[in-house]
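Engineer: Pasting a structure below so you can have a look.
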Amino acid sequence: MKLVTAVIKPFKLEEVRSALTDLGLQGMTVTEVKGYGRQKGHTEIYRGAEYAVSFLPKVKLEVVVPSGTVDKAVEAIVRTARTGQIGDGKIFVSTIDHTVRIRTGETDDSAI
Amino acid sequence: MKLVTAVIKPFKLEEVRSALTDLGLQGMTVTEVKGYGRQKGHTEIYRGAEYAVSFLPKVKLEVVVPSGTVDKAVEAIVRTARTGQIGDGKIFVSTIDHTVRIRTGETDDSAI
Amino acid sequence: MKLVTAVIKPFKLEEVRSALTDLGLQGMTVTEVKGYGRQKGHTEIYRGAEYAVSFLPKVKLEVVVPSGTVDKAVEAIVRTARTGQIGDGKIFVSTIDHTVRIRTGETDDSAI
Amino acid sequence: MTLGNSRRIATTAMAASLLCLTAAAAFAQAPATPTPNKGDTAWMMTSSVLVLLMTIPGLALFYGGLARTKNMLSMLMQVFYCVCIVAIIWVLYGYSMSFTEGGAFNAYFGGFSKAFLAGVTPESVVETWTDGVVIPEYVYICFQMTFACITPALILGAVAERMKFSAIVLFIPLWVTIVYFPIAHMVWYWAGPAAMIGAGKAVAAASGDAKAAAEAALATVTSNAGLAFQWGALDFAGGTVVHINSGIAGLVAALMVGKRVGFGKEAMPPHSLTLTLVGASLLWVGWFGFNVGSALEAGATAALAMINTFVATAGAALAWLIAEKVFKGKPSLLGAASGAVAGLVAVTPAAGFAGPMGAIVLGVVAGWLCCFFCTAIKNAMGYDDALDVFGIHCIGGIIGAIGTGIVAAPALGGASWFDYTANKIADYDMIPQLITQVKAVLLTLVWSGVGTFVILIVLRVIVGLRPGTDQEREGLDLVDHGERA
Amino acid sequence: MTLGNSRRIATTAMAASLLCLTAAAAFAQAPATPTPNKGDTAWMMTSSVLVLLMTIPGLALFYGGLARTKNMLSMLMQVFYCVCIVAIIWVLYGYSMSFTEGGAFNAYFGGFSKAFLAGVTPESVVETWTDGVVIPEYVYICFQMTFACITPALILGAVAERMKFSAIVLFIPLWVTIVYFPIAHMVWYWAGPAAMIGAGKAVAAASGDAKAAAEAALATVTSNAGLAFQWGALDFAGGTVVHINSGIAGLVAALMVGKRVGFGKEAMPPHSLTLTLVGASLLWVGWFGFNVGSALEAGATAALAMINTFVATAGAALAWLIAEKVFKGKPSLLGAASGAVAGLVAVTPAAGFAGPMGAIVLGVVAGWLCCFFCTAIKNAMGYDDALDVFGIHCIGGIIGAIGTGIVAAPALGGASWFDYTANKIADYDMIPQLITQVKAVLLTLVWSGVGTFVILIVLRVIVGLRPGTDQEREGLDLVDHGERA
Amino acid sequence: MTLGNSRRIATTAMAASLLCLTAAAAFAQAPATPTPNKGDTAWMMTSSVLVLLMTIPGLALFYGGLARTKNMLSMLMQVFYCVCIVAIIWVLYGYSMSFTEGGAFNAYFGGFSKAFLAGVTPESVVETWTDGVVIPEYVYICFQMTFACITPALILGAVAERMKFSAIVLFIPLWVTIVYFPIAHMVWYWAGPAAMIGAGKAVAAASGDAKAAAEAALATVTSNAGLAFQWGALDFAGGTVVHINSGIAGLVAALMVGKRVGFGKEAMPPHSLTLTLVGASLLWVGWFGFNVGSALEAGATAALAMINTFVATAGAALAWLIAEKVFKGKPSLLGAASGAVAGLVAVTPAAGFAGPMGAIVLGVVAGWLCCFFCTAIKNAMGYDDALDVFGIHCIGGIIGAIGTGIVAAPALGGASWFDYTANKIADYDMIPQLITQVKAVLLTLVWSGVGTFVILIVLRVIVGLRPGTDQEREGLDLVDHGERA
Ligand SMILES: Nc1ncnc2c1ncn2[C@@H]1O[C@H](COP(=O)(O)OP(=O)(O)O)[C@@H](O)[C@H]1O
Ligand SMILES: Nc1ncnc2c1ncn2[C@@H]1O[C@H](COP(=O)(O)OP(=O)(O)O)[C@@H](O)[C@H]1O
Ligand SMILES: Nc1ncnc2c1ncn2[C@@H]1O[C@H](COP(=O)(O)OP(=O)(O)O)[C@@H](O)[C@H]1O
């Protein structure tokens, strides 16, 4: 199995989720994160104090998929999360050795 | 070393944590996440606007353990996090190449 | 490519970030997490109810780097995040199989 | 004397004052300049403070909580700015445009004789609804100022989350000048009780040739009033001037500014119903200044307005909850808050005319109809009145305006109105009164709708109304103000 | 005349009025219907608004902040609903049941002669504690309405986070009907100053056969009062009616509804002490309406109640902080807020009777004992009174009720009470007064405890009191209202 | 009679009262003890409540929102504690030290004759600014208590996020005793209108030998006042006593406590501008109690103070926004809130003296200068006055104090001051008045600066002022109070 981790723009989450569901992926986990990258942040001024805020709100989506589904999942994310503007985000794929569904104790592919 | 990642129901965190501590695991990192899966979400209505909220609050627990302890850790999590109802969550095991304790610079197993 | 995950003290984030930027690493993702470890938590009392809070606020920093840069990145983090006191945190290095930049579709090293 | 010329106000104020006047008659033969009763002054100052509380933080939180986090500060800012700019304009020329004689255009707006508050001193007093009862003019100016401040702020909910601040900065002063001051003048400006009663008595006392002269004098006095006031429209605390006015302006603005980016596709749940509830509560609390203060004195009419403001609101909140329970399955906090505001809006014009049971009925009807409007009808129509300014303030205001014509009837426990020219409580005639109410509603809808449209057309050309799509996505807090909530 | 039959009220009100009456005597020989002083009316309207502020958003935030996020909106909703439903019931029959003559059951509850506010007009007035001083009845109805609204809302803290909304929807109206209106009648209903003083004077003036008749007349007047009032219990602003009443009801409800899922095992820290502090501050602010308004006029007793409400509260907050510092090491914000509320509760019955130094002592004692109760004793007993309604309102209320018997003593700087039948300030006799105070406390504990128990038994059968375990885990916001905070 | 000896107060109060006195003359020949007008009492009670609202939750939220999350509760706690401890001290000896005759040191502070409020009863009254108008002493004590409570709380913003609670616990009582009570006495203590007018008339009436005696008597009366009052400084509602005083104390405290850990290196953005805006709004709302209540009656001067408090604030907020727009590109919510507070501070001493147009100008100037100070100058100097207590309260206070000397001029629409010894409105002489204003400012700066310095030196030795670095990093909420926001 593979873990597909995508860091995307928050307002794209719903679209990405439904694209993945369409692929038959029934589970995913989402975290609110802050991203630093090419996309520029902004400046905040509070009275005299000026702060350059370089971290931008992003959403991190983690989905564990059977190895065979990785490419379709990545493609679906790229397709739906893309706006073409700086800051669209990244996808990272890594390997999961083992998976367990807590409720049933099922493991690996059947646990996803 | 292995990274054991468990996505569980929030109110189970304390139980899981103490089970892991009992195994002698002295460190872990926890993130509030939102999960999508078989467990159904709910509908929220604000005046005329209806929203199907499919993401549910979950807790993601990450614990890096020596390879030999993985099974015990997984077993402890399954045992304590299980309620038997849909949405109990998943455990993912992956490989960590290298670990460093920032304070001391110790590495690998002694850094956990 | 490698994923370097560092769990550090929140107020060290800015320093670590600029050290990594100095290495030429132009992207990273940050999550607010809670950590459990050797560093002791505190006790909160609300009227009669006493709670031992064992989780402490930490920041998790994830940066994907070309394999050759891992050591420099780890070193930079250790150097800047260290206060020498318990709770400074950990660094975990793991392997990323594949990377995609959503905006351009570039992959692997050129996507970081 | 025709109906159109009569002057109307809650009768209880006068009834009480008549008692006093009788009692006082033995001591005071000569008509001296009246001095304010300190109890009245205390209450009117308290009322002014309450209406400010209702606006900031009340309305600001009510609206802000309903917005998304990224637009929270912009919502607060817009309301706060609105209060500040209107307060200044009010003393520069707004008060004068609203509450002085306007010469040739007196039916539509006032003049500039009190611009910069010229001639007003701490000792200046103004008449209330009761002959012989006065309050310090500065207090009256402050009280009316708070009404001018909150009305344009109400509109902001309709265009929440997407109208850029620079456009709002210009919109507010233009809108109060072109729409609010005239409508306030049309509905509230009149010659005052002393002139009316005096002229009425002169007619009654005169005979022969003198009769015609006296009647002419009376006609002059009665026609020295705003258009809707001349018609005899009943509006105790601003159902037309404040709510229908801002409600229709909100609809026009929502249509002209357009829908929010992502509207209908992305979820836009309120970011903090907690703050919305705090806002709704402060609106209720502050509305006692609004409605009860509109009695202009701490007397019997004030007492009536107070109880009505309690029970109509409670009734409307419960009605909305029941509707939600029946049609959606769950009574919601936002429903309770929305219902309460709908009830407050509806009881505003009726507060000093209805009896408590009539007020409850009025509240319940407003709760149901506004709920129906903000859910079913609005969804069907598809416009993006973000925080339901039209559905609550305009619809609720219309229900209140027309309902006032009904519940003011003594047969239904109402208090009727006081006919100053006859110096007695009027015999109540419901059908003509209802027609008058409808006319006043239409006048407000047209004037405000057209005025708002024209202003926004102009602003769209000059500065533009909206930020870029990306900026709107980022949120107005950062884009307009460089801050985060 | 025995102690049990005498009527008691803060003396200062009368003292002031006596001066006025003397001064007025030269002008007014015939007893005319008194008209309200507008300063009194202004203050009583302000007070009503303040008590509403104290409830929404005050109490709602105080309680809501102590709940967990997932139950925040349910807490706000329950309080808001409570205000709305009780306001309506109050004008339908609650006011009548509380404040009219009740025929055969007059000692326990009133009648229905003013149901639907029959016969009340904007000009109607009611007597205050001072002979000849009246306020508009509508204002009095509003003021008392706010008391009826907040009392059942206080109970909700005891069953927070686990009682389902449908059960609460029924509980509130039943509870005010069966418990609140009767207790309000028992403690506060009386014939009024004019009747009492008149009958007293008649007895003094009569001689021979007429004496017996006059005494019988006096007995009729003095027995035209609620049970506790007949006993001569001192309760200035509602220590028994509001606080002991809701406090014991809270305990009974907490026991019958049962503990929260996870109680004692899972951490349940307050989700926002910020909001709790805002709530506590607004409670303090609004409590001036509650306590000072209970003087029913803007006179000397009001001034006394105001200073007492300041210093007792401050003293109690500091006392709780000191206790925490000594026993737990750290003075906490929640401790300060809890102490302040405990002080406010304790000074409620004493506000118009104690001197400022007595009030400080009363506050300090309440701060310490309530702290001891909410920490040590409660933990030992193990019941789940979620937000300490019993520990603060019932215990604080009892301390206040009994403490009032002590600090009212002129020897301790207190103001004693006014004996209307003798038309003078009473000689203070502490022991009998303390016994009376205890009797009133017991009456309240028993009536409210039993009444609450019966209502909940019935509701448990009909609709059930709790959501399912999973629903409770998910949180009442989503389950009951379909919303998130 | 020299300028230094004259007594000054808003003229409008007197003008109104003169009318009344004339009217009353026919009825009342003998000078009886005046009784309070209930309208005045109602307003002063309302004002006291408003000033409490302004402090908790107003100031607490304004400050708390600007702090970081980890210090939120500590900020709230410090303000709440401050209110409680000062309220108690005020009735123990603070009121006496401030408002009684102080024997040999009468120019600097009062005596202890009213310690524990000895001799004060519910019927006690105090004179206002108008001869013959009195209010209940308990109400006056409460009103002044709220001023004593908020002043030290203002200082806390300067040392926010880094002064340990145990040090604050001691600092507050010491500071009010050594700094606040004396300054309040110096600025506000005087013999009262009756004595002044009486002595003045006696001089006018006397001739020959009697003249010298009468003049000596007058001198005694006029010198029975605090130092700044003797000088003839104009300070309507506490520009010196409250704002300059707390502002300079804040600066001294900020310097002595030192910078926050990480200051200048780490970002320290406000954790909730939403709450800050709520706080700012409540400050504005409550400030009407502060400024208008300082008229001590519900009369013409109160009306003037009310309108000035509206428009100066609005003007200052807009001015700050314009400055931000011009110099930083974006008008911010924090700017609007800061500007409003700056305007409120500046109009405080002028509220009853300026005309509305003068008040607007004063507000605009204060908005601009405080903005300039809190951004450019503060950054250049590098001290860590965390929440800009100095930049807003001291600078704004000085602008107000000196500006009052200008805008009070009748030529500029001001109301001049009332010369009690001559019993008429004074001819206004701007230059000497400005010199007096500057003297009063300097007196306050020196007394408060030195006093604060000495107290902190002592506390630094005894308990220390700061937590450890790690503790400061962890946040005061957990370290000092064991709680989380
Ligand atoms: N090397 C990296 N490691 C981890 N996260 C990264 C890395 N590079 C980028 N990201 C994440 O991706 C987001 C988008 O990257 P950015 O450089 O702004 O634009 P783009 O996606 O167009 O290249 C960042 O905000 C960050 O969260
Ligand atoms: N393939 C997946 N990848 C990542 N997270 C998953 C995946 N499947 C499930 N999850 C996480 O596990 C949680 C529980 O899954 P769900 O399907 O609801 O029930 P169950 O655990 O009983 O199978 C989800 O809310 C989600 O956070
Ligand atoms: N085995 C582990 N797996 C995951 N996270 C860990 C592990 N051990 C420690 N951590 C994280 O590192 C943080 C610091 O660890 P701690 O033991 O407190 O101090 P130190 O870093 O000095 O060893 C913890 O709060 C936790 O977030």
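Labeling convention for the structure tokens: chains A, B, ... as they appear, residues from 1 per chain, ligands from 1 in order of appearance.
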For ligand 3, collect every residue having any atom at a distance of at most 6 Å from a ligand atom (counting only C-alpha atoms and all ligand atoms); output as a PyMOL selection string.
Structural biologist: (chain B and resi 27-29+62-65+101+103+112) or (chain C and resi 7+35-39+86-90)
Engineer: Only N, CA, C and O atoms, please: the residues just picked out, written as an mmCIF file, in the first residue's frame.
Structural biologist:
```cif
data_model
loop_
_atom_site.group_PDB
_atom_site.id
_atom_site.type_symbol
_atom_site.label_atom_id
_atom_site.label_comp_id
_atom_site.auth_asym_id
_atom_site.auth_seq_id
_atom_site.Cartn_x
_atom_site.Cartn_y
_atom_site.Cartn_z
ATOM 1 N N GLY B 27 7.087 8.328 24.223
ATOM 2 C CA GLY B 27 6.836 9.535 23.448
ATOM 3 C C GLY B 27 5.810 9.295 22.372
ATOM 4 O O GLY B 27 5.701 8.195 21.826
ATOM 5 N N MET B 28 5.040 10.306 22.074
ATOM 6 C CA MET B 28 4.121 10.218 20.939
ATOM 7 C C MET B 28 3.664 11.630 20.595
ATOM 8 O O MET B 28 3.805 12.557 21.399
ATOM 9 N N THR B 29 3.131 11.743 19.380
ATOM 10 C CA THR B 29 2.701 13.050 18.909
ATOM 11 C C THR B 29 1.276 12.922 18.380
ATOM 12 O O THR B 29 0.975 11.968 17.670
ATOM 13 N N GLU B 62 0.767 9.579 16.383
ATOM 14 C CA GLU B 62 1.973 9.067 15.729
ATOM 15 C C GLU B 62 2.988 8.671 16.785
ATOM 16 O O GLU B 62 3.327 9.481 17.649
ATOM 17 N N VAL B 63 3.452 7.432 16.667
ATOM 18 C CA VAL B 63 4.461 6.995 17.620
ATOM 19 C C VAL B 63 5.518 6.192 16.867
ATOM 20 O O VAL B 63 5.212 5.287 16.114
ATOM 21 N N VAL B 64 6.739 6.614 17.067
ATOM 22 C CA VAL B 64 7.853 5.918 16.438
ATOM 23 C C VAL B 64 8.390 4.894 17.433
ATOM 24 O O VAL B 64 8.679 5.246 18.578
ATOM 25 N N VAL B 65 8.465 3.659 16.997
ATOM 26 C CA VAL B 65 8.864 2.602 17.927
ATOM 27 C C VAL B 65 9.974 1.760 17.296
ATOM 28 O O VAL B 65 10.087 1.670 16.076
ATOM 29 N N ARG B 101 17.294 12.798 18.408
ATOM 30 C CA ARG B 101 16.754 13.573 19.520
ATOM 31 C C ARG B 101 17.451 14.934 19.510
ATOM 32 O O ARG B 101 18.676 15.010 19.642
ATOM 33 N N ARG B 103 17.594 17.491 21.494
ATOM 34 C CA ARG B 103 18.278 17.971 22.692
ATOM 35 C C ARG B 103 19.695 17.416 22.815
ATOM 36 O O ARG B 103 20.634 18.151 23.123
ATOM 37 N N ILE B 112 14.410 7.554 20.534
ATOM 38 C CA ILE B 112 12.938 7.497 20.587
ATOM 39 C C ILE B 112 12.396 7.855 21.970
ATOM 40 O O ILE B 112 12.830 7.308 22.960
ATOM 41 N N VAL C 7 9.598 17.416 15.195
ATOM 42 C CA VAL C 7 8.647 17.909 16.207
ATOM 43 C C VAL C 7 9.427 18.832 17.119
ATOM 44 O O VAL C 7 10.378 18.390 17.768
ATOM 45 N N GLY C 35 2.395 17.066 21.961
ATOM 46 C CA GLY C 35 3.395 16.035 22.171
ATOM 47 C C GLY C 35 3.378 15.487 23.580
ATOM 48 O O GLY C 35 3.110 16.198 24.552
ATOM 49 N N TYR C 36 3.682 14.201 23.634
ATOM 50 C CA TYR C 36 3.799 13.538 24.927
ATOM 51 C C TYR C 36 5.214 12.978 24.991
ATOM 52 O O TYR C 36 5.711 12.395 24.025
ATOM 53 N N GLY C 37 5.886 13.161 26.088
ATOM 54 C CA GLY C 37 7.255 12.657 26.157
ATOM 55 C C GLY C 37 7.822 12.820 27.550
ATOM 56 O O GLY C 37 7.081 12.821 28.541
ATOM 57 N N ARG C 38 9.111 12.964 27.581
ATOM 58 C CA ARG C 38 9.768 13.107 28.886
ATOM 59 C C ARG C 38 9.415 14.427 29.562
ATOM 60 O O ARG C 38 9.383 14.518 30.781
ATOM 61 N N GLN C 39 9.228 15.438 28.735
ATOM 62 C CA GLN C 39 8.903 16.749 29.301
ATOM 63 C C GLN C 39 7.565 16.663 30.013
ATOM 64 O O GLN C 39 6.579 16.177 29.459
ATOM 65 N N ILE C 86 14.737 19.509 28.280
ATOM 66 C CA ILE C 86 13.828 18.423 27.916
ATOM 67 C C ILE C 86 12.647 18.965 27.120
ATOM 68 O O ILE C 86 12.097 20.003 27.440
ATOM 69 N N GLY C 87 12.325 18.227 26.060
ATOM 70 C CA GLY C 87 11.175 18.647 25.261
ATOM 71 C C GLY C 87 11.564 19.308 23.953
ATOM 72 O O GLY C 87 10.702 19.791 23.238
ATOM 73 N N ASP C 88 12.847 19.335 23.671
ATOM 74 C CA ASP C 88 13.284 19.979 22.423
ATOM 75 C C ASP C 88 12.743 19.279 21.183
ATOM 76 O O ASP C 88 12.598 19.902 20.139
ATOM 77 N N GLY C 89 12.476 17.985 21.319
ATOM 78 C CA GLY C 89 11.806 17.297 20.217
ATOM 79 C C GLY C 89 12.665 16.311 19.453
ATOM 80 O O GLY C 89 13.794 15.987 19.853
ATOM 81 N N LYS C 90 12.070 15.817 18.374
ATOM 82 C CA LYS C 90 12.678 14.723 17.631
ATOM 83 C C LYS C 90 12.681 15.039 16.137
ATOM 84 O O LYS C 90 11.865 15.825 15.662
#
```
Engineer: Taking only stretch 188-369 of chain D into account, list the residues labelled alpha helix (DSSP H) by DSSP (computed from the backbone), as a VMD selection string.
Structural biologist: chain D and resid 188 193 to 205 209 to 223 227 to 231 245 to 257 273 to 293 300 to 328 333 to 347 356 to 369
Engineer: Quick one: which residues from chain C are at most 9 Å off chain E, using only C-alpha atoms, as a PyMOL selection string?
Structural biologist: chain C and resi 44-52
Engineer: Can you check which parts of chain E lie within 7 Å of chain F? Per residue, the shortest pair of atoms and distance in Å to one decimal, counting only C-alpha atoms, sorted by chain and number, as JSON lines.
Structural biologist:
```
{"residue": "E:Thr12", "atom": "CA", "partner": "F:Pro122", "partner_atom": "CA", "distance": 6.4}
{"residue": "E:Ala16", "atom": "CA", "partner": "F:Glu123", "partner_atom": "CA", "distance": 6.9}
{"residue": "E:Lys38", "atom": "CA", "partner": "F:Gly39", "partner_atom": "CA", "distance": 6.8}
{"residue": "E:Gly39", "atom": "CA", "partner": "F:Gly39", "partner_atom": "CA", "distance": 3.8}
{"residue": "E:Asp40", "atom": "CA", "partner": "F:Lys38", "partner_atom": "CA", "distance": 6.4}
{"residue": "E:Ala42", "atom": "CA", "partner": "F:Ala42", "partner_atom": "CA", "distance": 6.7}
{"residue": "E:Trp43", "atom": "CA", "partner": "F:Ala42", "partner_atom": "CA", "distance": 5.1}
{"residue": "E:Ser272", "atom": "CA", "partner": "F:Ala485", "partner_atom": "CA", "distance": 5.6}
{"residue": "E:Leu273", "atom": "CA", "partner": "F:Ala485", "partner_atom": "CA", "distance": 5.5}
{"residue": "E:Thr274", "atom": "CA", "partner": "F:Ala485", "partner_atom": "CA", "distance": 6.1}
{"residue": "E:Val278", "atom": "CA", "partner": "F:Pro57", "partner_atom": "CA", "distance": 5.5}
{"residue": "E:Ser281", "atom": "CA", "partner": "F:Ile56", "partner_atom": "CA", "distance": 5.5}
{"residue": "E:Val285", "atom": "CA", "partner": "F:Val49", "partner_atom": "CA", "distance": 6.1}
{"residue": "E:Ala298", "atom": "CA", "partner": "F:Lys38", "partner_atom": "CA", "distance": 5.6}
{"residue": "E:Gly299", "atom": "CA", "partner": "F:Lys38", "partner_atom": "CA", "distance": 6.7}
{"residue": "E:Ala300", "atom": "CA", "partner": "F:Pro122", "partner_atom": "CA", "distance": 5.0}
{"residue": "E:Thr301", "atom": "CA", "partner": "F:Pro122", "partner_atom": "CA", "distance": 6.4}
{"residue": "E:Ala303", "atom": "CA", "partner": "F:Val139", "partner_atom": "CA", "distance": 5.3}
{"residue": "E:Leu304", "atom": "CA", "partner": "F:Pro122", "partner_atom": "CA", "distance": 5.7}
{"residue": "E:Ile307", "atom": "CA", "partner": "F:Cys142", "partner_atom": "CA", "distance": 6.0}
{"residue": "E:Val311", "atom": "CA", "partner": "F:Ile88", "partner_atom": "CA", "distance": 6.0}
{"residue": "E:Ala314", "atom": "CA", "partner": "F:Cys84", "partner_atom": "CA", "distance": 4.3}
{"residue": "E:Gly315", "atom": "CA", "partner": "F:Ile88", "partner_atom": "CA", "distance": 6.9}
{"residue": "E:Leu318", "atom": "CA", "partner": "F:Cys84", "partner_atom": "CA", "distance": 6.9}
{"residue": "E:Lys330", "atom": "CA", "partner": "F:His481", "partner_atom": "CA", "distance": 5.4}
{"residue": "E:Pro331", "atom": "CA", "partner": "F:His481", "partner_atom": "CA", "distance": 5.6}
{"residue": "E:Ser332", "atom": "CA", "partner": "F:His481", "partner_atom": "CA", "distance": 4.6}
{"residue": "E:Leu333", "atom": "CA", "partner": "F:Met77", "partner_atom": "CA", "distance": 5.5}
```
Engineer: So which one's closest to ligand 1, C:Ala19, C:Val53, C:Leu13, C:Leu3? Using only C-alpha atoms and all ligand atoms, please.
Structural biologist: C:Leu3
Engineer: Using only C-alpha atoms, pick whichever of A:Ser67, A:Thr80, A:Gln26, A:Ser110 has the shortest atom-to-atom distance to chain B.
Structural biologist: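 Under the stated criterion, the closest residue is A:Gln26.
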